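**Student:** Below you will find the structure I want to go over with you.
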Amino acid sequence: MDHFEGINFSELWTGIDAAPGYLKPVVKIATGGTTGSSLAICGYHNIASGIYDKVLVVGWEKLNEGGATTGIITAFDPVWERPSLAGALGPLALMAGMYSAKYGITPEQAAKVTVKNRSNAANNPFAHLQMPDITIDYVMSSQVISYPLRLHDCCPQSEGACALIFANEKEAKKITDTPAWFHAVETAHYYTFGTDDKMYDLPTATIASKKAYKRAGIKNPIKDLDVAEIYEPTSWSELSWTEALGFCKPGDGGKLLDEGITQMSGELPVNPSGGVLSTNPIGATALVRVAEAAIQIMDRGGKRQVPDVEKALAMGFGGSLWTEVMILGNEPLR
Amino acid sequence: MPKQEVAVVGIGQTKFRSKRRDVNIPEMIYEAVDMALKDAELEPGDIDAIIIGNI
């Protein structure tokens with residue numbers, strides 16, 4: 001969107017100059033935090049419908065001539081929401097506070113998510129914040145940004161781009177021996193005035209993931225998925241959203257982490273790439289989730305590779321409490 | 001049901017940093033695009049359409 005980068009009609013600069021769009025159809029998509037997953041889903045439909053054989057899907061962010069919070073503030077209702085909920089951190093802090101109060105999740109458990117993800121990021125050469133030696137104390141002694149969020153409970157703002165090529169079956173088999181096949185793509189919208197919302201248990205993640213699991217034949221996500229790349233803007237969100245995605249019961253996100261299930265060595269590693277807490281090029285962030293899920297399926301993850309991945313989940317999350325869920329697999333679903 | 005199965009066949013990412021002052025916007029995007037094209041061993045002319053976006 002134009003507010004964020006400080007230039008208008010960015011697709012002229014980016015879709016035709018940087019990506020090879022000259023004399024081709026170029027579609028620009030901007031849906032806030034979900035931009036990257038919306039791009040992927042649009043690319044999916046362009047191939048799945050039979051319209052195109054090969055499309056290039058690109059998400060990017062370079063905010064040094066604009067401002068994310070300035071842009072986000074203009075998206076909120078000026079009377080009811082701007083004073084309390086405008087920007088990204090206000091609602092995320094409220095979500096964390098209410099989630100903590102409801103289920104007794106502790107700041108230590110939240111800090112442990114940052115430690116997990118930023119140590120994972122040290123295995124990802126593309127990641128922004130690679131912190132192999134980060135500790136729980138380091139996270140918990142960082143400055144308060146908006147209670148209960150501390151600096152290191154929050155994702156950074158990153159610059160960079162992600163580009164993926166999608167193809168139909170005939171073309172895919174010519175290009176690679178290890179395509180990462182889409183098994184399901186689902187979007188769920190939900191919006192009420194932020195101040196009326198309960199602000200935890202992300203309902204759109206539950207709705208979208210249930211539909212995606214049904215489509216992909218996944219009965220028990222912990223057992224049937226091999227890896228998940230989820231969109232966690234804060235440490236607290238990862239705990240809450242592992243619940244919303246059905247990896248555990250509501251309120252058990254902290255327990256799931258404490259039992260090591262979401263660690264690299266666990267039954268369902270969550271965010272081997274380091275996740276959003278380590279790298280957040282906003283318009284590319286959710287597309288990076290798809291890229292990293294595909295990398296895991298293709299067995300190209302290097303030091304961040306989870307062994308024997310057959311099914312992976314990628315998630316996008318955005319401003320209107322909107323969730324997109326994709327399941328990828330190593331064979332076509334049929 | 002999809003008429004065609006769909007797969008990811010090429011992947012490109014730039015390094016992600018707080019500021020990429022070393023490149024302008026099109027240069028930065030082209031880093032990822034070029035990597036994805038090389039990964040799939042495709043030329044720009046092989047691509048049917050572009051889907052692109054930022055927040």
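In the structure tokens, the first chain shown is A, the next is B, and so on; residue numbers restart at 1 for each chain, and ligands run from 1 in the order shown.
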Identify, on the basis of only C-alpha atoms, every residue whose closest approach to Asp39 of chain B does not exceed 8 Å; exclude the query and any residue fewer than 6 positions from it along the same chain; express the result as a list of chain:residue names.

**Tutor:**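 So, after excluding close chain neighbours, the residues are B:Gly10, B:Ile11, B:Gly12.
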
**Student:** Could you write out that same residue set with N, CA and C atoms as an mmCIF file, in the first residue's frame?

**Tutor:**
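The file below, selection09.cif, is the result:
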data_model
loop_
_atom_site.group_PDB
_atom_site.id
_atom_site.type_symbol
_atom_site.label_atom_id
_atom_site.label_comp_id
_atom_site.auth_asym_id
_atom_site.auth_seq_id
_atom_site.Cartn_x
_atom_site.Cartn_y
_atom_site.Cartn_z
ATOM 1 N N GLY B 10 10.226 -23.035 -7.498
ATOM 2 C CA GLY B 10 11.422 -22.179 -7.447
ATOM 3 C C GLY B 10 11.320 -21.238 -6.268
ATOM 4 N N ILE B 11 12.442 -21.029 -5.566
ATOM 5 C CA ILE B 11 12.426 -20.229 -4.340
ATOM 6 C C ILE B 11 13.567 -19.218 -4.357
ATOM 7 N N GLY B 12 13.254 -17.957 -4.042
ATOM 8 C CA GLY B 12 14.292 -16.931 -3.872
ATOM 9 C C GLY B 12 13.986 -16.083 -2.652
#

**Student:** What residues in chain B have any atom no more than 6 Å from chain A when counting only C-alpha atoms, and can you write them as JSON, numbers by chain?

**Tutor:** {"B": [2, 3, 4, 5, 6, 7, 8, 9, 10, 11, 12, 13, 14, 15, 16, 17, 18, 19, 26, 29, 30, 32, 33, 40, 44, 47, 48, 49, 50, 51, 52, 53, 54, 55]}

**Student:** Within chain B, find each residue whose DSSP state, derived from the backbone, is helix (DSSP H, G or I), and express the selection as a short mmCIF file (atom, residue, chain, number, x, y, z; two decimals) with N, CA and C atoms, in the first residue's frame.

**Tutor:**
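The result, written out as result07.cif:
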data_model
loop_
_atom_site.label_atom_id
_atom_site.label_comp_id
_atom_site.auth_asym_id
_atom_site.auth_seq_id
_atom_site.Cartn_x
_atom_site.Cartn_y
_atom_site.Cartn_z
N ILE B 25 14.53 -0.17 -4.22
CA ILE B 25 13.43 -1.15 -4.16
C ILE B 25 13.51 -2.16 -5.31
N PRO B 26 13.58 -1.72 -6.58
CA PRO B 26 13.64 -2.73 -7.65
C PRO B 26 14.88 -3.63 -7.57
N GLU B 27 16.02 -3.08 -7.17
CA GLU B 27 17.23 -3.92 -7.04
C GLU B 27 17.03 -5.00 -5.98
N MET B 28 16.42 -4.60 -4.87
CA MET B 28 16.19 -5.56 -3.77
C MET B 28 15.25 -6.68 -4.22
N ILE B 29 14.17 -6.31 -4.89
CA ILE B 29 13.21 -7.31 -5.36
C ILE B 29 13.87 -8.23 -6.39
N TYR B 30 14.68 -7.64 -7.27
CA TYR B 30 15.31 -8.44 -8.32
C TYR B 30 16.25 -9.51 -7.74
N GLU B 31 16.85 -9.21 -6.59
CA GLU B 31 17.70 -10.24 -5.94
C GLU B 31 16.91 -11.53 -5.73
N ALA B 32 15.68 -11.38 -5.19
CA ALA B 32 14.85 -12.57 -4.90
C ALA B 32 14.32 -13.19 -6.20
N VAL B 33 13.90 -12.33 -7.14
CA VAL B 33 13.34 -12.82 -8.41
C VAL B 33 14.40 -13.60 -9.19
N ASP B 34 15.60 -13.04 -9.26
CA ASP B 34 16.70 -13.68 -10.00
C ASP B 34 17.03 -15.04 -9.38
N MET B 35 17.03 -15.09 -8.04
CA MET B 35 17.34 -16.35 -7.35
C MET B 35 16.27 -17.41 -7.65
N ALA B 36 15.01 -16.99 -7.66
CA ALA B 36 13.91 -17.94 -7.93
C ALA B 36 13.97 -18.44 -9.37
N LEU B 37 14.24 -17.54 -10.31
CA LEU B 37 14.33 -17.95 -11.72
C LEU B 37 15.48 -18.92 -11.93
N LYS B 38 16.64 -18.60 -11.34
CA LYS B 38 17.81 -19.50 -11.48
C LYS B 38 17.53 -20.84 -10.82
N ASP B 39 16.85 -20.80 -9.68
CA ASP B 39 16.53 -22.03 -8.95
C ASP B 39 15.69 -22.97 -9.83
N ALA B 40 14.73 -22.40 -10.58
CA ALA B 40 13.86 -23.21 -11.43
C ALA B 40 14.42 -23.36 -12.84
N PRO B 44 12.91 -15.10 -17.75
CA PRO B 44 11.74 -14.24 -17.53
C PRO B 44 10.61 -14.53 -18.52
N GLY B 45 10.94 -14.84 -19.79
CA GLY B 45 9.92 -15.11 -20.80
C GLY B 45 9.09 -16.36 -20.53
N ASP B 46 9.57 -17.25 -19.65
CA ASP B 46 8.83 -18.47 -19.34
C ASP B 46 7.67 -18.22 -18.38
#

**Student:** Please give the complete set of residues from chain B that DSSP, run on the backbone, assigns to strand (DSSP E or B), formatted as a PyMOL selection string.

**Tutor:** chain B and resi 6-13+17+49-53

**Student:** Write the residues of the preceding selection, restricted to N, CA and C atoms, as a PDB file, in the first residue's frame.

**Tutor:**
ATOM      1  N   VAL B   6      -1.118 -27.700  -8.032  1.00  0.00           N
ATOM      2  CA  VAL B   6      -0.218 -26.541  -7.993  1.00  0.00           C
ATOM      3  C   VAL B   6       0.967 -26.851  -7.087  1.00  0.00           C
ATOM      4  N   ALA B   7       2.178 -26.498  -7.537  1.00  0.00           N
ATOM      5  CA  ALA B   7       3.367 -26.734  -6.709  1.00  0.00           C
ATOM      6  C   ALA B   7       4.284 -25.525  -6.718  1.00  0.00           C
ATOM      7  N   VAL B   8       5.030 -25.370  -5.614  1.00  0.00           N
ATOM      8  CA  VAL B   8       6.145 -24.427  -5.573  1.00  0.00           C
ATOM      9  C   VAL B   8       7.326 -25.126  -6.229  1.00  0.00           C
ATOM     10  N   VAL B   9       7.941 -24.483  -7.231  1.00  0.00           N
ATOM     11  CA  VAL B   9       9.050 -25.120  -7.950  1.00  0.00           C
ATOM     12  C   VAL B   9      10.323 -24.274  -7.969  1.00  0.00           C
ATOM     13  N   GLY B  10      10.226 -23.035  -7.498  1.00  0.00           N
ATOM     14  CA  GLY B  10      11.422 -22.179  -7.447  1.00  0.00           C
ATOM     15  C   GLY B  10      11.320 -21.238  -6.268  1.00  0.00           C
ATOM     16  N   ILE B  11      12.442 -21.029  -5.566  1.00  0.00           N
ATOM     17  CA  ILE B  11      12.426 -20.229  -4.340  1.00  0.00           C
ATOM     18  C   ILE B  11      13.567 -19.218  -4.357  1.00  0.00           C
ATOM     19  N   GLY B  12      13.254 -17.957  -4.042  1.00  0.00           N
ATOM     20  CA  GLY B  12      14.292 -16.931  -3.872  1.00  0.00           C
ATOM     21  C   GLY B  12      13.986 -16.083  -2.652  1.00  0.00           C
ATOM     22  N   GLN B  13      15.007 -15.787  -1.855  1.00  0.00           N
ATOM     23  CA  GLN B  13      14.854 -14.858  -0.729  1.00  0.00           C
ATOM     24  C   GLN B  13      16.078 -13.977  -0.702  1.00  0.00           C
ATOM     25  N   ARG B  17      17.315  -7.611   6.549  1.00  0.00           N
ATOM     26  CA  ARG B  17      18.026  -6.756   7.486  1.00  0.00           C
ATOM     27  C   ARG B  17      17.126  -5.602   7.885  1.00  0.00           C
ATOM     28  N   ALA B  49       2.578 -14.837 -15.671  1.00  0.00           N
ATOM     29  CA  ALA B  49       1.983 -13.687 -14.983  1.00  0.00           C
ATOM     30  C   ALA B  49       2.726 -13.426 -13.677  1.00  0.00           C
ATOM     31  N   ILE B  50       2.596 -12.189 -13.196  1.00  0.00           N
ATOM     32  CA  ILE B  50       3.278 -11.777 -11.962  1.00  0.00           C
ATOM     33  C   ILE B  50       2.224 -11.403 -10.923  1.00  0.00           C
ATOM     34  N   ILE B  51       2.367 -11.930  -9.708  1.00  0.00           N
ATOM     35  CA  ILE B  51       1.529 -11.521  -8.575  1.00  0.00           C
ATOM     36  C   ILE B  51       2.480 -10.875  -7.574  1.00  0.00           C
ATOM     37  N   ILE B  52       2.292  -9.612  -7.243  1.00  0.00           N
ATOM     38  CA  ILE B  52       3.290  -8.906  -6.432  1.00  0.00           C
ATOM     39  C   ILE B  52       2.612  -8.022  -5.401  1.00  0.00           C
ATOM     40  N   GLY B  53       3.259  -7.846  -4.247  1.00  0.00           N
ATOM     41  CA  GLY B  53       2.665  -6.949  -3.251  1.00  0.00           C
ATOM     42  C   GLY B  53       3.587  -6.652  -2.090  1.00  0.00           C
TER      43      GLY B  53
END

**Student:** Fewer than 2 positions away in the same chain doesn't count, so skip those; otherwise give me all residues within 12 Å of Ala88 of chain A, counting only C-alpha atoms, as a compact mmCIF listing (two decimals) with C-alpha atoms, in the first residue's frame.

**Tutor:**
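Generated output (selection-v6.txt):
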# COMPACT_ATOMS: atom_id res chain seq x y z
CA GLY A 32 -1.79 -5.88 5.43
CA GLY A 33 0.01 -8.57 7.43
CA GLY A 67 6.29 4.12 8.04
CA ALA A 68 4.39 1.00 9.07
CA THR A 69 2.65 2.38 12.16
CA THR A 70 1.70 5.60 10.36
CA GLY A 71 0.01 3.51 7.69
CA ILE A 72 -1.63 1.07 10.09
CA ILE A 73 -3.15 3.90 12.18
CA THR A 74 -5.14 5.11 9.17
CA ALA A 75 -6.80 1.68 8.88
CA PHE A 76 -8.55 1.92 12.25
CA ARG A 82 -7.43 4.90 17.15
CA SER A 84 -6.43 2.62 22.14
CA LEU A 85 -5.82 0.11 19.39
CA ALA A 86 -4.17 1.83 16.46
CA GLY A 90 -1.60 -1.89 21.02
CA PRO A 91 -3.86 -4.78 20.01
CA LEU A 92 -1.06 -7.34 20.32
CA ALA A 93 -0.33 -6.16 23.89
CA LEU A 94 -4.02 -6.40 24.78
CA MET A 95 -4.17 -9.89 23.26
CA ILE A 145 7.20 -1.63 24.86
CA SER A 146 3.51 -2.00 25.72
CA LEU A 149 5.21 -6.95 25.67
CA CYS A 154 8.14 -8.38 19.56
CA CYS A 155 9.08 -9.04 15.96
CA PRO A 156 11.52 -6.65 14.27
CA GLN A 157 10.80 -4.58 11.17
CA PRO A 233 4.20 -11.18 15.58
CA THR A 234 4.91 -11.61 19.31
CA ILE A 282 5.91 -7.22 6.38
CA PHE A 317 -2.03 -13.29 9.95
CA GLY A 318 -3.09 -9.69 9.49
CA GLY A 319 -4.69 -6.56 10.75
CA SER A 320 -8.37 -7.46 10.72
CA LEU A 321 -7.62 -10.56 12.80

**Student:** Excluding Glu229 of chain A and any residue of its chain fewer than 4 positions from it, enumerate the residues within 6 Å of it, using only C-alpha atoms, and give them as a VMD selection string.

**Tutor:** chain A and resid 270 to 271 289 314

**Student:** Just the residues within 8 Å of Leu239 of chain A, please, counting only C-alpha atoms, with nothing from its chain fewer than 6 positions along; format it as a CSV table (one decimal) with N, CA and C atoms, in the first residue's frame.

**Tutor:**
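Listing of part06.csv after writing:
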chain,number,residue,atom,x,y,z
A,110,ALA,N,6.5,-17.0,27.5
A,110,ALA,CA,6.6,-16.2,26.3
A,110,ALA,C,8.0,-16.0,25.9
A,113,VAL,N,9.6,-18.7,23.9
A,113,VAL,CA,9.3,-18.7,22.5
A,113,VAL,C,10.4,-17.9,21.7
A,253,GLY,N,-1.0,-23.8,25.3
A,253,GLY,CA,0.1,-23.4,24.4
A,253,GLY,C,1.4,-23.4,25.2
A,254,GLY,N,1.4,-22.9,26.5
A,254,GLY,CA,2.6,-22.9,27.3
A,254,GLY,C,3.1,-24.3,27.6
A,257,LEU,N,4.8,-25.9,24.6
A,257,LEU,CA,6.2,-25.4,24.5
A,257,LEU,C,7.1,-26.1,25.5

**Student:** Go through A:Ala208, A:Ile7, A:Cys248, A:Met326 one by one, measure the shortest atom-to-atom distance of each to Pro221 of chain A using only C-alpha atoms, and give the residue with the smallest value.

**Tutor:**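 Of the candidates, the smallest distance to Pro221 of chain A is held by A:Cys248.
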